Every structure is written in C-alpha cells, then in structure tokens.
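Working notes, structure below.
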Amino acid sequence: MTIFSASCLLVISLLTMLPTSHVHAVGLIVVTDSLHPIEAPLDARVIMLDAPARIEAGLTAGLSDDASRSAATVRRRLEEGGNALQHRIAMAYQDVVDAWSLGITTIPAVVVDQRYVMYGEANVSRAIARIEANRQGLAQ
C-alpha cells in the first residue's frame, strides 16, 4: 500500500529531523488506516496512516483547472483552517514518521511498549492478550 506523494515525502523527511519525545512513550499504539477500522482503548495512541492523504484531499477538493486560482484556493483554505489545521497536518505526518520509525510493515498493527507487535488483528483486546501471552512465555 503506497500512501506517499512527493510532497508527503518532503514533509516526512523534514519531520524526521525534529525531536519527538512522544514517540518514546511506553504504552499502546495502534497503526491502521480508514480501510481497516479498529476499536482501540481510550488510552491507546491511534495512528491513521492515511490521515495526511485525507487532509490533502480536503484541501484540494473541487479545485479549478487554472493553476494560479487553485493555488490561491488552497492558500485560502490553509489560512481559514488556522493553527488547528496546521497542527492536524503536522501531527498526521508525524504519525506516519513514527509508524515508519517503529518498523510497521502491515496494518492493522498493535504495538505494546514499542517492542511487541501484533499484525493483522483488528480486535485490539485480542491482540494485546496474544502479545501478553507471548511475553509471559518468553519470561519463563
């Protein structure tokens, strides 16, 4: 599944240079997209890999064939969205970088303590239970 456009790759490369303390928080991270819905606990961090593309689609919806008019429309939409939109865009791309940094290769993915990953399980509770069972087996 390819979710990166040329502009996405530029933003991602720039974001990788930023310090990201929240990436190193221990806990539960669920990585998915809108085609693979999940129900995650409230304390889970949910990374939606297609969030940047969905935001970009909203910004570019219904644009004119005239490049300068389209550019002006996108600028206006960005300005109207203000800091909240800028924050959503930055966090969406940061989430993609974080998933990449975790080495996620398949979705949905449930990550516990940034060390244990269960791929392909949409039931987060079942994924956590399987991870815990495997962790206990490794500890013995």
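Every chain in the structure tokens takes a letter, A first, then B, and so on in the order presented; its residues are numbered from 1, and the ligands are numbered from 1 following the presented order.
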
- request: Please provide the set of residues having any atom within 7 Å of range 45-58 of chain A, restricted to only C-alpha atoms, with same-chain residues fewer than 2 positions apart removed, written as JSON, numbers by chain.
  value: {"A": [3, 28, 29, 30, 31, 32, 33, 34, 43, 60, 61, 89, 92, 93, 95, 96]}

Go ahead and write the residues just picked, N, CA and C atoms, as an mmCIF file, in the first residue's frame.
```
data_model
loop_
_atom_site.group_PDB
_atom_site.id
_atom_site.type_symbol
_atom_site.label_atom_id
_atom_site.label_comp_id
_atom_site.auth_asym_id
_atom_site.auth_seq_id
_atom_site.Cartn_x
_atom_site.Cartn_y
_atom_site.Cartn_z
ATOM 1 N N ILE A 3 1.148 5.232 0.341
ATOM 2 C CA ILE A 3 0.368 6.378 0.801
ATOM 3 C C ILE A 3 1.151 7.673 0.682
ATOM 4 N N LEU A 28 0.528 1.729 24.493
ATOM 5 C CA LEU A 28 -0.183 1.041 23.427
ATOM 6 C C LEU A 28 -0.335 1.960 22.229
ATOM 7 N N ILE A 29 0.108 1.481 21.074
ATOM 8 C CA ILE A 29 -0.026 2.220 19.822
ATOM 9 C C ILE A 29 -0.726 1.304 18.827
ATOM 10 N N VAL A 30 -1.732 1.840 18.163
ATOM 11 C CA VAL A 30 -2.445 1.100 17.132
ATOM 12 C C VAL A 30 -2.233 1.839 15.816
ATOM 13 N N VAL A 31 -1.763 1.117 14.802
ATOM 14 C CA VAL A 31 -1.494 1.715 13.495
ATOM 15 C C VAL A 31 -2.455 1.089 12.491
ATOM 16 N N THR A 32 -3.181 1.940 11.787
ATOM 17 C CA THR A 32 -4.168 1.460 10.828
ATOM 18 C C THR A 32 -4.451 2.543 9.796
ATOM 19 N N ASP A 33 -5.515 2.379 9.035
ATOM 20 C CA ASP A 33 -5.998 3.419 8.138
ATOM 21 C C ASP A 33 -7.514 3.326 8.087
ATOM 22 N N SER A 34 -8.136 4.186 7.309
ATOM 23 C CA SER A 34 -9.602 4.225 7.296
ATOM 24 C C SER A 34 -10.217 2.984 6.641
ATOM 25 N N ASP A 43 -6.897 4.900 26.106
ATOM 26 C CA ASP A 43 -5.519 5.254 26.420
ATOM 27 C C ASP A 43 -4.542 4.895 25.297
ATOM 28 N N THR A 60 -7.644 20.037 -1.463
ATOM 29 C CA THR A 60 -7.603 20.139 -2.921
ATOM 30 C C THR A 60 -8.931 19.795 -3.592
ATOM 31 N N ALA A 61 -9.956 19.533 -2.816
ATOM 32 C CA ALA A 61 -11.261 19.166 -3.391
ATOM 33 C C ALA A 61 -11.843 20.321 -4.200
ATOM 34 N N ILE A 89 -2.185 18.802 10.318
ATOM 35 C CA ILE A 89 -1.290 18.392 9.235
ATOM 36 C C ILE A 89 0.036 17.892 9.810
ATOM 37 N N ALA A 92 -0.437 14.562 11.624
ATOM 38 C CA ALA A 92 -0.709 13.466 10.690
ATOM 39 C C ALA A 92 0.585 12.958 10.066
ATOM 40 N N TYR A 93 1.440 13.879 9.635
ATOM 41 C CA TYR A 93 2.718 13.461 9.051
ATOM 42 C C TYR A 93 3.655 12.897 10.118
ATOM 43 N N ASP A 95 2.767 11.233 12.721
ATOM 44 C CA ASP A 95 2.291 9.875 12.972
ATOM 45 C C ASP A 95 2.835 8.896 11.940
ATOM 46 N N VAL A 96 2.846 9.300 10.663
ATOM 47 C CA VAL A 96 3.388 8.439 9.610
ATOM 48 C C VAL A 96 4.875 8.182 9.857
#
```

With a distance cut-off of 9 Å and only C-alpha atoms, select the neighbouring residues of range 108-116 of chain A, excluding the residue or stretch itself and same-chain residues fewer than 3 positions from it, and output the selection as a JSON list (two decimals) with N, CA and C atoms, in the first residue's frame.
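File produced: out39.json:
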```
[["chain", "number", "residue", "atom", "x", "y", "z"],
["A", 23, "VAL", "N", 7.19, 9.82, 20.71],
["A", 23, "VAL", "CA", 7.46, 8.56, 20.05],
["A", 23, "VAL", "C", 8.00, 7.55, 21.07],
["A", 24, "HIS", "N", 8.69, 8.04, 22.07],
["A", 24, "HIS", "CA", 9.35, 7.16, 23.02],
["A", 24, "HIS", "C", 8.52, 6.83, 24.25],
["A", 25, "ALA", "N", 7.27, 7.28, 24.25],
["A", 25, "ALA", "CA", 6.40, 6.98, 25.38],
["A", 25, "ALA", "C", 6.05, 5.50, 25.35],
["A", 26, "VAL", "N", 6.09, 4.86, 26.50],
["A", 26, "VAL", "CA", 5.76, 3.45, 26.61],
["A", 26, "VAL", "C", 4.24, 3.33, 26.67],
["A", 27, "GLY", "N", 3.70, 2.34, 26.01],
["A", 27, "GLY", "CA", 2.26, 2.14, 26.06],
["A", 27, "GLY", "C", 1.74, 1.39, 24.86],
["A", 28, "LEU", "N", 0.53, 1.73, 24.49],
["A", 28, "LEU", "CA", -0.18, 1.04, 23.43],
["A", 28, "LEU", "C", -0.33, 1.96, 22.23],
["A", 29, "ILE", "N", 0.11, 1.48, 21.07],
["A", 29, "ILE", "CA", -0.03, 2.22, 19.82],
["A", 29, "ILE", "C", -0.73, 1.30, 18.83],
["A", 30, "VAL", "N", -1.73, 1.84, 18.16],
["A", 30, "VAL", "CA", -2.45, 1.10, 17.13],
["A", 30, "VAL", "C", -2.23, 1.84, 15.82],
["A", 31, "VAL", "N", -1.76, 1.12, 14.80],
["A", 31, "VAL", "CA", -1.49, 1.71, 13.50],
["A", 31, "VAL", "C", -2.46, 1.09, 12.49],
["A", 32, "THR", "N", -3.18, 1.94, 11.79],
["A", 32, "THR", "CA", -4.17, 1.46, 10.83],
["A", 32, "THR", "C", -4.45, 2.54, 9.80],
["A", 33, "ASP", "N", -5.51, 2.38, 9.03],
["A", 33, "ASP", "CA", -6.00, 3.42, 8.14],
["A", 33, "ASP", "C", -7.51, 3.33, 8.09],
["A", 36, "HIS", "N", -9.18, -0.04, 7.35],
["A", 36, "HIS", "CA", -9.02, -1.09, 8.35],
["A", 36, "HIS", "C", -9.44, -0.56, 9.72],
["A", 37, "PRO", "N", -10.75, -0.37, 9.91],
["A", 37, "PRO", "CA", -11.22, 0.23, 11.17],
["A", 37, "PRO", "C", -10.95, -0.68, 12.37],
["A", 38, "ILE", "N", -10.68, -0.05, 13.49],
["A", 38, "ILE", "CA", -10.44, -0.76, 14.74],
["A", 38, "ILE", "C", -11.15, -0.02, 15.86],
["A", 102, "LEU", "N", 8.87, 2.88, 13.88],
["A", 102, "LEU", "CA", 8.60, 1.65, 14.63],
["A", 102, "LEU", "C", 8.77, 0.41, 13.76],
["A", 104, "ILE", "N", 6.71, -0.54, 11.25],
["A", 104, "ILE", "CA", 5.42, -1.14, 10.91],
["A", 104, "ILE", "C", 5.40, -1.48, 9.42],
["A", 105, "THR", "N", 5.03, -2.72, 9.11],
["A", 105, "THR", "CA", 5.01, -3.17, 7.72],
["A", 105, "THR", "C", 3.63, -3.58, 7.23],
["A", 119, "TYR", "N", 0.43, -8.05, 14.10],
["A", 119, "TYR", "CA", -0.06, -7.58, 12.82],
["A", 119, "TYR", "C", -1.36, -8.27, 12.43],
["A", 120, "GLY", "N", -2.24, -7.52, 11.76],
["A", 120, "GLY", "CA", -3.41, -8.09, 11.13],
["A", 120, "GLY", "C", -4.60, -8.36, 12.04],
["A", 121, "GLU", "N", -4.50, -8.03, 13.32],
["A", 121, "GLU", "CA", -5.59, -8.29, 14.26],
["A", 121, "GLU", "C", -6.34, -6.98, 14.52],
["A", 122, "ALA", "N", -7.60, -6.92, 14.03],
["A", 122, "ALA", "CA", -8.40, -5.70, 14.21],
["A", 122, "ALA", "C", -8.98, -5.59, 15.61],
["A", 124, "VAL", "N", -8.28, -5.15, 19.08],
["A", 124, "VAL", "CA", -7.11, -4.70, 19.86],
["A", 124, "VAL", "C", -6.99, -5.49, 21.16],
["A", 127, "ALA", "N", -5.46, -8.78, 20.38],
["A", 127, "ALA", "CA", -4.04, -8.60, 20.05],
["A", 127, "ALA", "C", -3.20, -8.41, 21.31],
["A", 128, "ILE", "N", -3.70, -7.58, 22.23],
["A", 128, "ILE", "CA", -2.98, -7.35, 23.49],
["A", 128, "ILE", "C", -2.86, -8.65, 24.27],
["A", 131, "ILE", "N", -0.21, -10.79, 22.69],
["A", 131, "ILE", "CA", 1.12, -10.24, 22.98],
["A", 131, "ILE", "C", 1.52, -10.58, 24.41],
["A", 135, "ARG", "N", 4.66, -12.70, 25.73],
["A", 135, "ARG", "CA", 5.64, -12.09, 26.66],
["A", 135, "ARG", "C", 5.84, -12.98, 27.86]]
```

query: Which residues in chain A does DSSP call helix (DSSP H, G or I)? List them as a PyMOL selection string.
result: chain A and resi 6-15+21-24+51-60+67-102+124-139

Could you write those residues out with C-alpha atoms, as a compact mmCIF listing (two decimals), in the first residue's frame?
```txt
# COMPACT_ATOMS: atom_id res chain seq x y z
CA ALA A 6 6.18 13.62 -3.46
CA SER A 7 5.11 16.42 -1.14
CA CYS A 8 4.43 13.89 1.63
CA LEU A 9 7.97 12.54 1.37
CA LEU A 10 9.42 16.05 1.68
CA VAL A 11 7.38 16.77 4.81
CA ILE A 12 8.25 13.37 6.28
CA SER A 13 11.96 13.90 5.69
CA LEU A 14 11.76 17.29 7.39
CA LEU A 15 9.82 15.89 10.34
CA SER A 21 9.54 12.74 22.75
CA HIS A 22 6.04 11.28 22.32
CA VAL A 23 7.46 8.56 20.05
CA HIS A 24 9.35 7.16 23.02
CA ALA A 51 -4.65 10.94 7.55
CA PRO A 52 -2.23 13.09 5.51
CA ALA A 53 -3.86 11.99 2.24
CA ARG A 54 -7.35 12.67 3.63
CA ILE A 55 -6.33 16.16 4.79
CA GLU A 56 -4.71 16.85 1.41
CA ALA A 57 -7.85 15.64 -0.38
CA GLY A 58 -9.91 18.07 1.65
CA LEU A 59 -7.60 20.94 0.78
CA THR A 60 -7.60 20.14 -2.92
CA ALA A 67 -3.17 26.57 -11.51
CA SER A 68 -2.97 30.08 -10.04
CA ARG A 69 -6.63 30.04 -8.99
CA SER A 70 -6.18 26.59 -7.44
CA ALA A 71 -3.09 27.72 -5.54
CA ALA A 72 -4.99 30.72 -4.20
CA THR A 73 -7.86 28.47 -3.12
CA VAL A 74 -5.52 26.12 -1.25
CA ARG A 75 -3.78 29.08 0.43
CA ARG A 76 -7.17 30.46 1.49
CA ARG A 77 -8.24 27.06 2.88
CA LEU A 78 -4.98 26.78 4.82
CA GLU A 79 -5.46 30.27 6.25
CA GLU A 80 -9.08 29.59 7.16
CA GLY A 81 -8.02 26.39 8.92
CA GLY A 82 -5.59 28.40 11.01
CA ASN A 83 -3.36 26.89 13.66
CA ALA A 84 -5.72 23.97 14.23
CA LEU A 85 -5.34 22.80 10.62
CA GLN A 86 -1.57 23.35 10.69
CA HIS A 87 -1.40 21.24 13.86
CA ARG A 88 -3.55 18.47 12.30
CA ILE A 89 -1.29 18.39 9.23
CA ALA A 90 1.90 18.29 11.31
CA MET A 91 0.58 15.55 13.61
CA ALA A 92 -0.71 13.47 10.69
CA TYR A 93 2.72 13.46 9.05
CA GLN A 94 4.47 12.93 12.40
CA ASP A 95 2.29 9.87 12.97
CA VAL A 96 3.39 8.44 9.61
CA VAL A 97 7.03 9.07 10.53
CA ASP A 98 6.51 7.43 13.92
CA ALA A 99 4.91 4.33 12.37
CA TRP A 100 7.79 4.10 9.91
CA SER A 101 10.28 4.52 12.79
CA LEU A 102 8.60 1.65 14.63
CA VAL A 124 -7.11 -4.70 19.86
CA SER A 125 -8.05 -6.53 23.08
CA ARG A 126 -7.34 -9.91 21.45
CA ALA A 127 -4.04 -8.60 20.05
CA ILE A 128 -2.98 -7.35 23.49
CA ALA A 129 -3.90 -10.71 25.04
CA ARG A 130 -1.82 -12.58 22.46
CA ILE A 131 1.12 -10.24 22.98
CA GLU A 132 0.90 -10.69 26.76
CA ALA A 133 0.72 -14.48 26.39
CA ASN A 134 3.85 -14.42 24.23
CA ARG A 135 5.64 -12.09 26.66
CA GLN A 136 4.87 -14.41 29.56
CA GLY A 137 6.12 -17.37 27.56
CA LEU A 138 9.38 -15.53 26.85
CA ALA A 139 9.85 -14.65 30.53
```
